[in-house]
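run-v1.pdb follows; it contains PDB, C-alpha atoms.
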ATOM      1  CA  MET A   1       1.289 -30.286  11.096
ATOM      2  CA  GLU A   2       4.185 -32.527  10.301
ATOM      3  CA  ASP A   3       5.852 -32.801   6.910
ATOM      4  CA  VAL A   4       4.247 -29.626   5.556
ATOM      5  CA  ARG A   5       6.683 -27.512   3.592
ATOM      6  CA  LEU A   6       6.399 -23.934   2.421
ATOM      7  CA  HIS A   7       6.209 -25.275  -1.132
ATOM      8  CA  ASP A   8       3.124 -27.315  -0.185
ATOM      9  CA  LEU A   9       1.410 -24.162   1.068
ATOM     10  CA  ARG A  10       2.328 -22.286  -2.126
ATOM     11  CA  ARG A  11       0.852 -25.075  -4.259
ATOM     12  CA  THR A  12      -2.297 -25.110  -2.154
ATOM     13  CA  PHE A  13      -2.619 -21.345  -2.565
ATOM     14  CA  GLY A  14      -2.090 -21.627  -6.339
ATOM     15  CA  SER A  15      -4.630 -24.442  -6.581
ATOM     16  CA  TRP A  16      -7.184 -22.474  -4.601
ATOM     17  CA  LEU A  17      -6.705 -19.444  -6.862
ATOM     18  CA  ALA A  18      -7.183 -21.603  -9.974
ATOM     19  CA  THR A  19     -10.365 -23.217  -8.682
ATOM     20  CA  GLN A  20     -11.743 -19.738  -7.952
ATOM     21  CA  GLY A  21     -11.235 -18.771 -11.588
ATOM     22  CA  THR A  22      -8.182 -16.571 -11.106
ATOM     23  CA  PRO A  23      -6.427 -16.108 -14.457
ATOM     24  CA  LEU A  24      -3.201 -18.056 -14.782
ATOM     25  CA  TYR A  25      -1.303 -14.826 -15.439
ATOM     26  CA  HIS A  26      -2.359 -13.505 -12.019
ATOM     27  CA  ILE A  27      -1.432 -16.779 -10.323
ATOM     28  CA  GLU A  28       1.962 -16.588 -12.020
ATOM     29  CA  LYS A  29       2.546 -13.101 -10.632
ATOM     30  CA  LEU A  30       1.248 -13.917  -7.141
ATOM     31  CA  LEU A  31       3.507 -16.968  -6.888
ATOM     32  CA  ASN A  32       6.406 -15.051  -8.460
ATOM     33  CA  HIS A  33       6.939 -17.638 -11.176
ATOM     34  CA  LYS A  34       9.603 -16.647 -13.690
ATOM     35  CA  ASP A  35       8.223 -18.952 -16.396
ATOM     36  CA  SER A  36       4.539 -19.244 -17.298
ATOM     37  CA  LYS A  37       5.016 -22.991 -17.889
ATOM     38  CA  THR A  38       5.498 -23.377 -14.136
ATOM     39  CA  THR A  39       2.051 -21.889 -13.579
ATOM     40  CA  GLU A  40       0.388 -24.089 -16.202
ATOM     41  CA  VAL A  41       0.233 -26.990 -13.717
ATOM     42  CA  TYR A  42      -2.816 -25.181 -12.298
ATOM     43  CA  ALA A  43      -4.604 -24.945 -15.664
ATOM     44  CA  HIS A  44      -6.506 -28.210 -15.194
ATOM     45  CA  LEU A  45      -8.137 -26.755 -12.076
ATOM     46  CA  SER A  46      -9.604 -23.811 -13.936
ATOM     47  CA  LYS A  47     -13.411 -23.696 -13.900
ATOM     48  CA  ASP A  48     -14.011 -22.636 -17.480
ATOM     49  CA  PRO A  49     -11.975 -24.080 -20.368
ATOM     50  CA  LEU A  50     -12.937 -21.150 -22.611
ATOM     51  CA  ARG A  51     -11.701 -18.672 -20.042
ATOM     52  CA  GLU A  52      -8.496 -20.669 -19.749
ATOM     53  CA  ALA A  53      -7.968 -20.457 -23.502
ATOM     54  CA  ILE A  54      -8.557 -16.707 -23.488
ATOM     55  CA  ASP A  55      -6.185 -16.283 -20.534
ATOM     56  CA  LYS A  56      -3.447 -18.169 -22.373
ATOM     57  CA  VAL A  57      -3.778 -15.873 -25.361
ATOM     58  CA  GLY A  58      -3.779 -12.870 -23.046
ATOM     59  CA  GLU A  59      -0.636 -14.134 -21.331
ATOM     60  CA  LYS A  60       1.143 -14.458 -24.660
ATOM     61  CA  ILE A  61       0.119 -10.937 -25.651
ATOM     62  CA  ILE A  62       1.332  -9.540 -22.316
ATOM     63  CA  GLN A  63       4.604 -11.455 -22.551
ATOM     64  CA  GLU A  64       5.220 -10.108 -26.046
ATOM     65  CA  ALA A  65       4.352  -6.562 -24.966
ATOM     66  CA  ASN A  66       6.727  -6.852 -21.992
ATOM     67  CA  ARG A  67       9.453  -8.223 -24.251
ATOM     68  CA  GLN A  68       9.036  -5.339 -26.674
ATOM     69  CA  MET A  69       9.119  -2.808 -23.832
ATOM     70  CA  LYS A  70      12.467  -4.225 -22.680
ATOM     71  CA  ASP A  71      13.976  -4.015 -26.177
TER      72      ASP A  71
END

Show the structure stored in the file as structure tokens.
Amino acid sequence: MEDVRLHDLRRTFGSWLATQGTPLYHIEKLLNHKDSKTTEVYAHLSKDPLREAIDKVGEKIIQEANRQMKD
């Protein structure tokens, strides 16, 4: 396959995870994203908008808990 980069495969993997209903937080960790905003590009592929909303809240809670653990 010509013109296929590693980044293309990573995006395909992330897209596949999102369409399967994988929480964005898990996609973020699997793709080793440092910033959750990077992972949010996959949000539109999520199957259930309510689940997406809950995942976003969960991500914020986890981020805050991690921040407090580091302090």

Exercise. Where does the PyMOL selection byres ((chain A and resi 9-22) around 7) land in this file, that is, which residues does it pick, as a list in words?
Worked result: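 Applied to this file, the PyMOL selection byres ((chain A and resi 9-22) around 7) returns Arg5, Leu6, His7, Asp8, Pro23, Leu24, His26, Ile27, Tyr42, Leu45, Ser46 and Lys47 of chain A.
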
Problem set entry | Interatomic distance (Å, one decimal) between CA of Glu59 (chain A) and CA of Ser36 (chain A) |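 Going from CA of Glu59 (chain A) over to CA of Ser36 (chain A) covers 8.3 Å.
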
Exercise. Which is closest to Lys60 (chain A) among A:Asp48, A:Glu2, A:Lys34, A:Tyr25, if we use all atoms listed in the file?
Worked result: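 Distance minimum relative to Lys60 (chain A) lands on A:Tyr25.
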
For this session: Record the distance separating CA of Pro49 (chain A) and CA of Gln68 (chain A), expressed in Å with one decimal.
Result: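 Result for CA of Pro49 (chain A) versus CA of Gln68 (chain A): 28.9 Å, one decimal.
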
Kindly provide, as AutoDock Vina command-line options, the centre and edge lengths (Å, one decimal) of an axis-aligned box around all atoms of region 3-17 of chain A given in the file, with 8 Å on each side.
--center_x -0.3 --center_y -26.1 --center_z 0.0 --size_x 29.9 --size_y 29.4 --size_z 29.8

For this session: Figure out the distance between CA of Asp3 (chain A) and CA of Asp35 (chain A), please, to one decimal in Å.
Result: 27.2 Å

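Nearest residue to Val41 (chain A) among A:Gly58, A:Arg67, A:Glu28, A:Val4 is A:Glu28, counting only C-alpha atoms.
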